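Pasting coords32.txt here (compact mmCIF, C-alpha atoms):
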# COMPACT_ATOMS: atom_id res chain seq x y z
CA MET A 1 -34.54 -2.47 18.34
CA SER A 2 -32.44 -4.27 20.89
CA PRO A 3 -30.35 -7.17 19.68
CA GLY A 4 -31.64 -9.89 21.93
CA THR A 5 -31.20 -13.56 21.35
CA ASP A 6 -34.18 -13.35 18.98
CA ASP A 7 -32.04 -11.42 16.51
CA PRO A 8 -30.04 -13.48 14.07
CA PRO A 9 -26.54 -14.05 15.45
CA LEU A 10 -23.44 -12.67 13.72
CA CYS A 11 -22.47 -16.32 13.42
CA ARG A 12 -22.29 -19.38 15.66
CA LEU A 13 -19.30 -20.35 17.77
CA ASP A 14 -19.07 -23.60 15.79
CA ASP A 15 -18.73 -21.60 12.56
CA LEU A 16 -15.36 -20.27 13.74
CA ALA A 17 -12.25 -22.42 13.85
CA GLN A 18 -10.00 -22.10 16.87
CA GLY A 19 -8.21 -18.73 16.61
CA GLU A 20 -10.14 -17.68 13.50
CA ALA A 21 -11.13 -14.04 12.97
CA ARG A 22 -14.02 -12.86 10.84
CA GLY A 23 -15.67 -9.50 10.18
CA PHE A 24 -19.41 -8.89 10.37
CA ASP A 25 -21.59 -6.00 9.32
CA VAL A 26 -23.82 -4.84 12.17
CA PRO A 27 -26.82 -2.61 11.35
CA GLY A 28 -26.12 0.91 12.55
CA LEU A 29 -22.33 0.55 12.60
CA ARG A 30 -20.26 2.06 9.78
CA ALA A 31 -17.43 -0.41 10.25
CA LYS A 32 -17.51 -4.17 10.74
CA VAL A 33 -17.19 -5.98 14.05
CA ILE A 34 -14.26 -8.40 14.14
CA VAL A 35 -15.01 -11.60 16.03
CA VAL A 36 -12.04 -13.75 17.10
CA ARG A 37 -12.52 -17.19 18.62
CA ARG A 38 -10.37 -17.91 21.69
CA GLY A 39 -11.19 -21.39 23.02
CA ASP A 40 -14.89 -21.50 23.84
CA THR A 41 -15.16 -17.75 24.09
CA VAL A 42 -14.91 -14.88 21.62
CA ARG A 43 -13.42 -11.39 21.51
CA GLY A 44 -15.10 -8.56 19.61
CA TRP A 45 -13.33 -5.50 18.19
CA ARG A 46 -14.36 -2.71 15.86
CA ASP A 47 -12.68 -2.95 12.46
CA LEU A 48 -11.12 0.48 12.95
CA CYS A 49 -7.35 0.91 13.18
CA PRO A 50 -6.62 3.83 15.56
CA HIS A 51 -3.68 5.06 13.43
CA TYR A 52 -5.83 7.78 11.84
CA ALA A 53 -8.60 9.77 13.51
CA GLY A 54 -11.92 8.01 13.11
CA GLY A 55 -10.22 4.73 12.30
CA THR A 56 -9.78 2.79 9.07
CA PRO A 57 -10.63 -0.86 8.27
CA MET A 58 -7.79 -3.31 8.74
CA ALA A 59 -8.07 -6.50 6.61
CA TRP A 60 -6.14 -6.96 3.35
CA LYS A 61 -8.86 -9.26 2.08
CA ARG A 62 -12.31 -10.10 3.37
CA ASP A 63 -11.80 -11.58 6.88
CA ALA A 64 -7.96 -11.42 6.59
CA TYR A 65 -7.38 -9.71 9.96
CA LEU A 66 -4.62 -11.82 11.47
CA ASN A 67 -0.85 -11.72 11.09
CA GLY A 68 0.94 -14.69 9.50
CA ALA A 69 1.48 -16.58 12.76
CA ARG A 70 -2.18 -15.93 13.75
CA THR A 71 -0.98 -14.43 17.04
CA HIS A 72 -2.19 -10.84 16.57
CA LEU A 73 -4.83 -8.80 14.85
CA ALA A 74 -3.07 -6.74 12.19
CA CYS A 75 -3.88 -3.60 10.27
CA HIS A 76 -2.68 -4.17 6.73
CA ALA A 77 -2.48 -0.49 5.80
CA HIS A 78 0.75 0.16 7.74
CA GLY A 79 1.50 -3.01 9.68
CA ALA A 80 0.12 -2.30 13.17
CA TRP A 81 -0.25 -5.40 15.38
CA PHE A 82 -2.81 -5.62 18.19
CA ASP A 83 -3.09 -7.97 21.16
CA ILE A 84 -6.17 -10.11 20.50
CA ASP A 85 -7.28 -10.11 24.16
CA THR A 86 -6.58 -6.49 25.13
CA GLY A 87 -6.73 -4.69 21.76
CA VAL A 88 -3.51 -2.83 22.59
CA CYS A 89 -1.23 -1.99 19.65
CA VAL A 90 2.16 -3.62 20.29
CA GLN A 91 3.89 -2.69 17.02
CA GLY A 92 3.36 -0.11 14.31
CA PRO A 93 2.13 3.43 13.83
CA CYS A 94 -0.46 3.42 16.64
CA LEU A 95 1.83 1.95 19.28
CA GLY A 96 0.15 2.19 22.70
CA LYS A 97 -3.30 2.97 21.32
CA ARG A 98 -5.96 0.30 21.34
CA LEU A 99 -8.86 -1.08 19.35
CA THR A 100 -12.43 -0.41 20.46
CA ARG A 101 -13.92 -3.41 22.21
CA VAL A 102 -17.35 -4.74 21.25
CA PRO A 103 -18.70 -6.83 24.14
CA LEU A 104 -20.20 -10.05 22.77
CA LYS A 105 -22.47 -12.69 24.27
CA ILE A 106 -23.08 -16.27 23.23
CA ASP A 107 -26.68 -17.53 23.45
CA ASP A 108 -27.67 -21.05 24.49
CA LYS A 109 -27.60 -22.22 20.89
CA GLY A 110 -24.04 -20.99 20.38
CA GLY A 111 -25.07 -17.84 18.48
CA ILE A 112 -22.75 -14.85 18.89
CA HIS A 113 -24.39 -11.43 19.41
CA PRO A 114 -23.25 -7.92 20.34
CA GLU A 115 -24.08 -7.42 24.04
CA ARG A 116 -25.56 -3.97 23.44
CA PRO A 117 -27.28 -2.33 20.51
CA PRO A 118 -25.27 0.38 18.71
CA ARG A 119 -25.92 3.85 20.18
CA GLY A 120 -27.59 5.61 17.28
CA ARG A 121 -26.56 5.25 13.69
CA GLU A 122 -22.96 6.02 12.81
CA THR A 123 -22.23 8.04 9.73
CA MET B 1 23.54 12.07 -10.80
CA GLN B 2 21.81 9.95 -13.45
CA ILE B 3 19.47 7.92 -11.24
CA ILE B 4 16.22 6.60 -12.78
CA GLY B 5 14.40 5.33 -9.69
CA PRO B 6 13.56 2.11 -7.88
CA ASP B 7 14.20 -1.04 -9.94
CA LEU B 8 13.35 -3.38 -7.05
CA LEU B 9 12.02 -3.12 -3.51
CA VAL B 10 12.98 -6.01 -1.22
CA PHE B 11 10.71 -7.05 1.65
CA GLY B 12 11.01 -9.33 4.64
CA VAL B 13 7.43 -10.31 5.44
CA ASP B 14 5.43 -12.09 8.06
CA ASP B 15 3.19 -14.13 5.72
CA VAL B 16 4.81 -15.15 2.43
CA PRO B 17 1.85 -17.13 0.96
CA ALA B 18 -0.50 -14.21 1.67
CA CYS B 19 1.86 -11.83 -0.16
CA HIS B 20 2.03 -14.25 -3.09
CA GLU B 21 -1.74 -14.36 -3.32
CA PHE B 22 -2.06 -10.58 -3.06
CA LEU B 23 0.68 -9.64 -5.53
CA SER B 24 -0.55 -12.21 -8.06
CA ALA B 25 -4.03 -10.69 -7.88
CA TYR B 26 -2.47 -7.23 -8.17
CA GLY B 27 -1.04 -8.31 -11.52
CA LEU B 28 2.69 -8.85 -10.96
CA ASP B 29 4.31 -11.96 -12.48
CA CYS B 30 6.34 -14.38 -10.39
CA ALA B 31 8.29 -17.31 -11.83
CA ASP B 32 10.23 -18.48 -8.78
CA TYR B 33 7.74 -18.59 -5.88
CA THR B 34 8.04 -21.06 -3.04
CA PRO B 35 6.18 -20.72 0.27
CA GLU B 36 9.49 -21.12 2.12
CA LYS B 37 11.59 -18.60 0.17
CA GLY B 38 9.10 -16.22 -1.40
CA GLY B 39 9.74 -14.93 -4.91
CA THR B 40 10.36 -12.04 -7.29
CA TYR B 41 7.28 -10.19 -8.58
CA LEU B 42 7.79 -8.28 -11.78
CA ALA B 43 5.91 -5.62 -13.70
CA LEU B 44 5.98 -5.70 -17.49
CA ASP B 45 9.27 -3.74 -17.77
CA GLY B 46 11.14 -5.96 -15.28
CA THR B 47 10.97 -3.66 -12.26
CA GLY B 48 9.29 -5.15 -9.21
CA LEU B 49 9.31 -6.52 -5.69
CA VAL B 50 11.25 -9.27 -3.93
CA ILE B 51 9.35 -11.04 -1.14
CA ARG B 52 11.28 -13.08 1.46
CA PRO B 53 10.37 -14.41 4.90
CA ARG B 54 11.36 -11.78 7.43
CA ASN B 55 13.90 -14.10 9.10
CA ASP B 56 15.65 -14.88 5.77
CA PRO B 57 19.37 -14.55 6.55
CA SER B 58 20.11 -13.18 3.06
CA LEU B 59 18.15 -10.01 3.85
CA PRO B 60 19.75 -6.85 5.19
CA LEU B 61 18.96 -6.33 8.87
CA ALA B 62 15.54 -4.86 9.60
CA LEU B 63 15.14 -1.41 11.07
CA LYS B 64 14.27 -1.48 14.77
CA THR B 65 10.74 -0.36 13.91
CA GLY B 66 10.05 -3.70 12.24
CA THR B 67 9.19 -2.20 8.85
CA THR B 68 9.01 -4.86 6.16
CA LEU B 69 11.03 -2.83 3.61
CA ARG B 70 14.58 -4.18 3.77
CA LEU B 71 16.26 -2.77 0.66
CA GLN B 72 15.65 -0.36 -2.20
CA VAL B 73 17.51 -1.15 -5.42
CA LEU B 74 17.82 2.08 -7.41
CA GLY B 75 18.52 1.87 -11.14
CA VAL B 76 20.97 4.25 -12.79
CA VAL B 77 21.45 4.86 -16.51
CA ASP B 78 24.95 3.40 -17.05
CA ALA B 79 28.26 2.38 -15.50
CA ALA B 80 29.49 5.97 -15.39
CA ALA B 81 26.43 6.95 -13.36
CA LEU B 82 27.12 4.09 -10.96
CA ASP B 83 30.72 5.28 -10.56
CA ALA B 84 29.44 8.79 -9.84
CA VAL B 85 27.16 7.52 -7.07
CA GLU B 86 30.03 5.50 -5.62
CA ALA B 87 32.40 8.46 -5.67
CA GLU B 88 29.89 10.80 -4.05
CA LEU B 89 28.68 8.51 -1.28
CA SER B 90 32.13 7.08 -0.50
CA ARG B 91 33.08 10.52 0.82
CA ASP B 92 31.35 9.88 4.14
CA ARG B 93 30.17 6.26 4.35
CA GLN B 94 31.05 2.73 3.43
CA VAL B 95 29.93 1.82 -0.08
CA LEU B 96 30.39 -1.83 -1.02
CA ARG B 97 30.93 -2.90 -4.62
CA LEU B 98 29.32 -6.37 -4.85
CA ALA B 99 30.33 -9.20 -7.19
CA ASP B 100 27.44 -8.40 -9.55
CA GLY B 101 28.75 -4.85 -9.95
CA SER B 102 26.06 -3.23 -7.83
CA LEU B 103 26.66 -0.84 -4.93
CA ARG B 104 25.39 -1.28 -1.37
CA THR B 105 25.15 1.39 1.28
CA GLN B 106 22.70 3.15 3.60
CA ASP B 107 21.04 6.53 3.51
CA ASP B 108 21.38 8.93 6.44
CA GLN B 109 18.47 7.36 8.30
CA GLY B 110 19.53 3.77 8.01
CA PHE B 111 17.42 2.71 5.01
CA GLU B 112 19.41 0.11 3.09
CA LEU B 113 20.15 1.07 -0.53
CA ALA B 114 21.59 -0.67 -3.56
CA PHE B 115 22.44 0.95 -6.88
CA ARG B 116 22.83 -0.87 -10.17
CA VAL B 117 22.76 -0.14 -13.88
CA THR B 118 19.05 -0.47 -14.48
CA THR B 119 17.75 -3.72 -15.90
CA ARG B 120 14.35 -2.31 -16.83
CA LYS B 121 13.29 -3.03 -20.42
CA PRO B 122 11.55 -0.10 -22.13
CA LEU B 123 8.03 -1.05 -23.21
CA ASP B 124 6.59 -0.69 -26.67
CA MET B 125 2.98 -0.43 -25.56
CA PRO B 126 0.50 2.35 -26.28
CA GLY B 127 -0.90 4.38 -23.42
CA GLU B 128 -4.60 4.97 -22.95
CA LYS B 129 -6.07 7.10 -25.74
CA VAL B 130 -9.02 9.38 -25.04
CA ASN B 131 -11.49 10.62 -27.65
CA ALA B 132 -12.37 14.23 -26.96
CA PRO B 133 -14.77 16.26 -29.15
CA TYR B 134 -12.95 17.37 -32.31
CA ALA B 135 -9.82 15.67 -30.97
CA PRO B 136 -10.21 11.89 -31.26
CA ALA B 137 -7.16 9.94 -30.14
CA ARG B 138 -8.44 6.51 -31.23
CA PRO B 139 -9.13 5.49 -34.82
CA ALA B 140 -12.67 4.54 -35.82
CA ASN B 141 -13.81 1.16 -34.45
CA ALA B 142 -11.09 1.08 -31.79
CA LEU B 143 -12.80 0.37 -28.44
CA GLY B 144 -12.04 2.33 -25.27
CA VAL B 145 -12.79 -0.53 -22.89
CA THR B 146 -13.52 -4.24 -22.92
CA GLN B 147 -14.33 -6.24 -19.81
CA ASP B 148 -11.36 -8.56 -20.17
CA MET B 149 -8.73 -6.10 -21.40
CA PRO B 150 -5.30 -6.37 -19.73
CA ALA B 151 -4.65 -4.02 -16.81
CA LYS B 152 -1.22 -5.02 -15.57
CA PRO B 153 1.35 -2.96 -13.70
CA ARG B 154 3.81 -1.67 -16.30
CA THR B 155 6.59 -0.27 -14.14
CA LEU B 156 7.46 0.40 -10.51
CA SER B 157 6.54 4.04 -9.98
CA HIS B 158 7.34 5.23 -6.48
CA VAL B 159 7.93 4.44 -2.84
CA VAL B 160 6.70 6.52 0.09
CA LEU B 161 8.55 6.40 3.38
CA PHE B 162 7.73 7.41 6.93
CA VAL B 163 10.86 9.25 8.07
CA PRO B 164 11.64 10.95 11.39
CA ASP B 165 14.02 13.52 9.86
CA ILE B 166 12.74 15.21 6.71
CA ASP B 167 15.67 17.61 6.55
CA GLY B 168 18.05 14.66 6.73
CA ALA B 169 16.18 12.84 3.98
CA VAL B 170 16.21 15.91 1.73
CA GLY B 171 19.86 16.49 2.52
CA PHE B 172 20.69 13.01 1.30
CA TYR B 173 18.45 12.55 -1.74
CA ARG B 174 18.57 16.12 -3.05
CA ASP B 175 22.00 17.33 -2.07
CA ARG B 176 23.96 14.07 -2.40
CA LEU B 177 22.05 12.14 -5.08
CA GLY B 178 20.79 15.10 -7.09
CA PHE B 179 17.04 14.47 -6.80
CA ARG B 180 14.81 17.49 -7.54
CA ILE B 181 11.99 18.52 -5.23
CA THR B 182 8.91 18.79 -7.45
CA ASP B 183 6.34 19.83 -4.82
CA THR B 184 5.93 19.80 -1.04
CA LEU B 185 2.98 18.97 1.20
CA THR B 186 3.75 21.09 4.24
CA GLY B 187 3.40 19.09 7.41
CA ALA B 188 4.19 15.87 5.57
CA GLY B 189 7.16 16.37 3.26
CA PRO B 190 8.56 16.66 -0.26
CA PHE B 191 8.00 14.79 -3.52
CA LEU B 192 11.31 13.93 -5.16
CA ARG B 193 12.28 13.19 -8.75
CA PRO B 194 15.67 11.75 -9.72
CA GLN B 195 17.45 13.49 -12.58
CA ALA B 196 17.15 10.66 -15.10
CA ASN B 197 13.38 10.27 -14.65
CA PRO B 198 10.80 12.90 -15.65
CA ASP B 199 8.07 11.42 -13.40
CA HIS B 200 6.72 13.85 -10.80
CA HIS B 201 8.02 11.60 -8.04
CA THR B 202 9.76 8.33 -7.37
CA HIS B 203 10.02 9.14 -3.65
CA PHE B 204 7.80 10.97 -1.18
CA PHE B 205 8.61 11.41 2.49
CA ILE B 206 6.15 11.80 5.35
CA ARG B 207 7.35 13.14 8.68
CA THR B 208 6.61 10.75 11.58
CA PRO B 209 7.90 9.89 15.05
CA PRO B 210 11.00 7.63 14.97
CA TYR B 211 9.09 4.49 15.99
CA MET B 212 7.18 4.63 12.69
CA GLN B 213 10.16 4.78 10.34
CA GLY B 214 9.50 2.53 7.37
CA ILE B 215 7.49 2.12 4.21
CA GLU B 216 4.11 3.82 3.87
CA HIS B 217 3.19 2.61 0.40
CA LEU B 218 4.53 1.67 -3.01
CA ALA B 219 2.94 2.12 -6.42
CA PHE B 220 3.18 0.76 -9.94
CA HIS B 221 2.12 2.69 -13.05
CA LEU B 222 -0.69 1.31 -15.22
CA GLY B 223 -1.37 2.34 -18.81
CA GLY B 224 -4.10 4.84 -17.97
CA PRO B 225 -7.11 5.61 -15.80
CA THR B 226 -9.30 2.95 -17.45
CA GLU B 227 -6.74 0.26 -16.69
CA LEU B 228 -6.52 1.57 -13.12
CA MET B 229 -10.30 1.43 -12.66
CA LEU B 230 -10.46 -2.07 -14.11
CA ALA B 231 -7.54 -3.39 -12.08
CA GLY B 232 -8.96 -1.96 -8.85
CA SER B 233 -12.47 -3.19 -9.58
CA ARG B 234 -11.13 -6.70 -10.20
CA MET B 235 -9.43 -6.56 -6.79
CA MET B 236 -12.64 -5.43 -5.12
CA GLU B 237 -14.68 -8.16 -6.82
CA GLN B 238 -12.27 -10.75 -5.42
CA GLY B 239 -12.64 -9.46 -1.85
CA TYR B 240 -9.44 -7.42 -1.55
CA GLU B 241 -9.84 -4.28 0.53
CA SER B 242 -9.43 -0.71 -0.69
CA PHE B 243 -7.67 1.75 1.60
CA TRP B 244 -8.07 4.96 -0.40
CA GLY B 245 -9.51 5.67 -3.83
CA PRO B 246 -10.10 5.59 -6.65
CA GLY B 247 -9.29 9.25 -7.08
CA ARG B 248 -6.81 11.64 -8.62
CA HIS B 249 -4.02 13.34 -6.72
CA LYS B 250 -3.30 17.03 -7.24
CA PHE B 251 0.49 17.01 -6.91
CA GLY B 252 1.57 14.71 -9.74
CA SER B 253 -1.96 14.51 -11.23
CA ASN B 254 -1.75 10.74 -10.88
CA TRP B 255 -4.89 8.67 -10.60
CA PHE B 256 -4.66 6.50 -7.48
CA TRP B 257 -6.24 3.48 -5.85
CA TYR B 258 -4.58 2.12 -2.70
CA PHE B 259 -5.10 -1.41 -1.34
CA LYS B 260 -4.13 -2.77 2.06
CA SER B 261 -1.73 -5.67 1.75
CA PRO B 262 0.02 -8.42 3.70
CA LEU B 263 3.29 -6.59 2.92
CA ALA B 264 2.28 -4.41 5.91
CA CYS B 265 2.02 -1.34 3.68
CA ASN B 266 -0.45 -0.07 1.15
CA VAL B 267 0.06 -1.06 -2.48
CA GLU B 268 -1.22 1.46 -5.01
CA PHE B 269 -2.32 1.38 -8.62
CA ASP B 270 -1.20 4.62 -10.29
CA ALA B 271 -1.77 6.11 -13.74
CA ASP B 272 -1.13 9.25 -15.78
CA MET B 273 1.40 11.00 -13.57
CA ASP B 274 2.75 14.40 -14.65
CA THR B 275 6.30 14.63 -15.91
CA HIS B 276 8.64 17.53 -15.23
CA ASP B 277 11.97 19.00 -16.14
CA ASP B 278 14.26 21.44 -14.39
CA ASP B 279 12.17 24.43 -15.56
CA TRP B 280 9.45 23.39 -13.11
CA ALA B 281 8.82 25.70 -10.15
CA PRO B 282 7.92 23.59 -7.08
CA ARG B 283 4.57 24.21 -5.40
CA GLU B 284 3.68 23.95 -1.74
CA ALA B 285 0.36 23.23 -0.03
CA PRO B 286 -0.63 22.20 3.49
CA MET B 287 -1.08 18.43 3.87
CA GLY B 288 -4.73 17.50 4.15
CA PRO B 289 -7.73 16.20 2.22
CA GLU B 290 -7.99 19.30 0.00
CA ALA B 291 -4.40 19.21 -1.20
CA SER B 292 -4.26 15.44 -1.45
CA GLN B 293 -6.73 14.91 -4.25
CA ALA B 294 -8.75 16.62 -6.97
CA PHE B 295 -11.54 14.14 -6.34
CA LEU B 296 -12.16 10.92 -4.41
CA MET B 297 -14.62 8.15 -5.13
CA GLN B 298 -15.63 4.86 -3.61
CA TRP B 299 -16.20 1.56 -5.40
CA ARG B 300 -19.55 -0.20 -5.43
CA ALA B 301 -20.79 -3.42 -6.98
CA LYS B 302 -22.15 -3.21 -10.52
CA TRP B 303 -25.67 -1.81 -10.75
CA ALA B 304 -27.92 -0.54 -13.52
CA PRO B 305 -31.11 1.49 -13.64
CA GLY B 306 -34.04 -0.01 -15.49
CA GLY B 307 -37.30 1.09 -17.11
CA GLY B 308 -40.14 1.14 -14.64
CA PRO B 309 -40.56 0.45 -10.94
CA GLY B 310 -39.51 -3.00 -9.87
CA GLY B 311 -36.50 -2.97 -12.16
CA PRO B 312 -33.20 -4.72 -11.52
CA LYS B 313 -32.06 -4.90 -7.91
CA GLY B 314 -28.57 -4.05 -6.87

With the file now loaded, output its structure as structure tokens.
Amino acid sequence: MSPGTDDPPLCRLDDLAQGEARGFDVPGLRAKVIVVRRGDTVRGWRDLCPHYAGGTPMAWKRDAYLNGARTHLACHAHGAWFDIDTGVCVQGPCLGKRLTRVPLKIDDKGGIHPERPPRGRET
Amino acid sequence: MQIIGPDLLVFGVDDVPACHEFLSAYGLDCADYTPEKGGTYLALDGTGLVIRPRNDPSLPLALKTGTTLRLQVLGVVDAAALDAVEAELSRDRQVLRLADGSLRTQDDQGFELAFRVTTRKPLDMPGEKVNAPYAPARPANALGVTQDMPAKPRTLSHVVLFVPDIDGAVGFYRDRLGFRITDTLTGAGPFLRPQANPDHHTHFFIRTPPYMQGIEHLAFHLGGPTELMLAGSRMMEQGYESFWGPGRHKFGSNWFWYFKSPLACNVEFDADMDTHDDDWAPREAPMGPEASQAFLMQWRAKWAPGGGPGGPKG
């Protein structure tokens, strides 16, 4: 099944406040997709901190992905900070590594979708 | 050297209100919280955590790595023990005697340390009692679990640090402060027990590159595995996020459940750790999943089987 605009969106752009981050389960993916609103566009990242092989989820509470100043995505296991636009780790144990991008598209009703279906089912 | 272990860990954090929310849910008590200044979060015996904004000028300087741990306050048994620490460490570094009688110095890797006569108050609370066949530990009619039973952190158990120089860390804590090595995970590092504490470890060191130096996790002891399971389940039901566990470690035998936190380190519930004395022969095992736990489980929402098909969903 290909996630076209017929599929229910992860959420709508209007559901997200400016700068807000939220995590969504996507069928076929073992970890959530983090969606961050930046103006009228969105960034998508896998909820997998690259500190450990395979990655580990990053929030300290449901949807709590950002640092205090809301300037970076943060992994709350060991304090890694990631650039929201590039996914690059700028501080912490995975310095220089980066998050895995999830390309997103916004349909004409403002619904946010992954651009591509997951390749197979992750375990 | 009659050191008991950490009385307080002091943090300089990025998001004080988030830490307040998290540590309150975790079960520590705070009487002096303000969003601007943070607060002191205590376990039942008076050990605990101090949370301050990271730019608070009263905090010791941060390590260059940006770790949130700014100071460890180690409790010792009495004034003579404090004098012994002062005499030993003054041989090769500055040791300040502060107005409150405590000592301030640094370890060999730049972690800030304070020593004081411990202020922890021994608890008069029973531990968890388990009924085994032919060996009941609870009297008749005494219940093993109730949904609303207390499951609060009783005492600060241990701190785990990422350190670039394991030999240097061992040289300081074992050879200068008299800690015993209880066991070692090869490839990571040693578990250490101070002389005035029988717990398997109050400190564990994990070898890392220098840019990672800092705190890996901290843990408080609960009264037993049932309290640990209840406390962790309550966190999960409120949307807090597990990092590892529940499970039971091999070295130390302690039950564990780690949660990610806005302190920028994991915060663990711990229960039923082994105790040791100087007759113990340290073990060694290669760091990895096999050596790290006897078993590991993952939480799920409550569910129950029913009678026939079409029973309760969950």

Proximity check chain A to chain B, 10 Å, nearest pairs one decimal Å, only C-alpha atoms, as a Markdown table:
| residue | atom | partner | partner_atom | distance |
| --- | --- | --- | --- | --- |
| A:Thr56 | CA | B:Phe243 | CA | 7.8 |
| A:Pro57 | CA | B:Phe243 | CA | 7.8 |
| A:Met58 | CA | B:Lys260 | CA | 7.6 |
| A:Ala59 | CA | B:Glu241 | CA | 6.7 |
| A:Trp60 | CA | B:Lys260 | CA | 4.8 |
| A:Lys61 | CA | B:Tyr240 | CA | 4.1 |
| A:Arg62 | CA | B:Gly239 | CA | 5.3 |
| A:Asp63 | CA | B:Gly239 | CA | 9.0 |
| A:Ala64 | CA | B:Pro262 | CA | 9.0 |
| A:Tyr65 | CA | B:Pro262 | CA | 9.8 |
| A:Leu66 | CA | B:Pro262 | CA | 9.7 |
| A:Asn67 | CA | B:Asp14 | CA | 7.0 |
| A:Gly68 | CA | B:Asp15 | CA | 4.4 |
| A:Ala69 | CA | B:Asp14 | CA | 7.6 |
| A:Arg70 | CA | B:Asp15 | CA | 9.8 |
| A:Ala74 | CA | B:Ala264 | CA | 8.6 |
| A:Cys75 | CA | B:Ala264 | CA | 7.6 |
| A:His76 | CA | B:Ala264 | CA | 5.0 |
| A:Ala77 | CA | B:Lys260 | CA | 4.7 |
| A:His78 | CA | B:Cys265 | CA | 4.5 |
| A:Gly79 | CA | B:Ala264 | CA | 4.1 |
| A:Ala80 | CA | B:Ala264 | CA | 7.9 |
| A:Trp81 | CA | B:Ala264 | CA | 9.9 |
| A:Gln91 | CA | B:Gly66 | CA | 7.9 |
| A:Gly92 | CA | B:Met212 | CA | 6.3 |
| A:Pro93 | CA | B:Met212 | CA | 5.3 |
| A:Cys94 | CA | B:Met212 | CA | 8.7 |
| A:Leu95 | CA | B:Tyr211 | CA | 8.4 |

Selection export as a compact mmCIF listing (two decimals), keeping the file's coordinate frame, atoms kept: C-alpha atoms:
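Ended up saving to part.txt:
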# COMPACT_ATOMS: atom_id res chain seq x y z
CA THR A 56 -9.78 2.79 9.07
CA PRO A 57 -10.63 -0.86 8.27
CA MET A 58 -7.79 -3.31 8.74
CA ALA A 59 -8.07 -6.50 6.61
CA TRP A 60 -6.14 -6.96 3.35
CA LYS A 61 -8.86 -9.26 2.08
CA ARG A 62 -12.31 -10.10 3.37
CA ASP A 63 -11.80 -11.58 6.88
CA ALA A 64 -7.96 -11.42 6.59
CA TYR A 65 -7.38 -9.71 9.96
CA LEU A 66 -4.62 -11.82 11.47
CA ASN A 67 -0.85 -11.72 11.09
CA GLY A 68 0.94 -14.69 9.50
CA ALA A 69 1.48 -16.58 12.76
CA ARG A 70 -2.18 -15.93 13.75
CA ALA A 74 -3.07 -6.74 12.19
CA CYS A 75 -3.88 -3.60 10.27
CA HIS A 76 -2.68 -4.17 6.73
CA ALA A 77 -2.48 -0.49 5.80
CA HIS A 78 0.75 0.16 7.74
CA GLY A 79 1.50 -3.01 9.68
CA ALA A 80 0.12 -2.30 13.17
CA TRP A 81 -0.25 -5.40 15.38
CA GLN A 91 3.89 -2.69 17.02
CA GLY A 92 3.36 -0.11 14.31
CA PRO A 93 2.13 3.43 13.83
CA CYS A 94 -0.46 3.42 16.64
CA LEU A 95 1.83 1.95 19.28

Practice task
Using CA of Pro282 in chain B and CA of Pro164 in chain B as the two end points, give the distance in Å to one decimal.
Solution key: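 Computing it gives 22.7 Å between the two atoms.
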
Practice task
Using all atoms listed in the file, determine which residues lie at most 10 Å from Asp85 in chain A, disregarding the query and same-chain residues fewer than 6 positions distant; provide the list as an MDAnalysis selection string.
Solution key: chainID A and resid 36 38 42:45 72:73 101

Exercise for the section: Taking (-17.2, -21.5, 20.6) in the file's own coordinates, collect the residues within 8 Å, counting all atoms listed in the file, and hand them back as a list in words. Expected result: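 Residues found, by chain and rising number: Arg12, Leu13, Asp14, Leu16, Arg37, Arg38, Gly39, Asp40, Thr41, Val42 and Gly110 of chain A.
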
Handout entry: Between CA of Ala43 in chain B and CA of Leu156 in chain B, distance in Å (one decimal)
Key =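 We find that CA of Ala43 in chain B and CA of Leu156 in chain B lie 7.0 Å from each other.
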
Practice task
Find the residues near Asp32 in chain B: any atom within 12 Å, counting all atoms listed in the file, skip ones fewer than 4 places away on the same chain, and give them as a list in words.
Solution key: His20, Glu36, Lys37, Gly38, Gly39, Thr40, Tyr41, Leu42, Val50, Ile51 and Arg52 of chain B

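The protein and nucleic acid residues lying at most 12 Å from Asp107 in chain A are Pro3, Gly4, Thr5, Asp6, Asp7, Pro8, Pro9, Leu10, Cys11, Arg12, Leu13, Thr41, Leu104, Lys105, Lys109, Gly110, Gly111, Ile112, His113, Pro114 and Glu115 of chain A, with only C-alpha atoms considered and sequence neighbours fewer than 2 positions away removed.
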
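CA of Leu185 in chain B is found 11.9 Å from CA of Gln293 in chain B.
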
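Taking only C-alpha atoms into account, the protein, DNA and RNA residues within 9 Å of (-4.0, -1.3, 22.0) read Pro50, Trp81, Phe82, Asp83, Thr86, Gly87, Val88, Cys89, Val90, Cys94, Leu95, Gly96, Lys97, Arg98, Leu99 and Thr100 of chain A.
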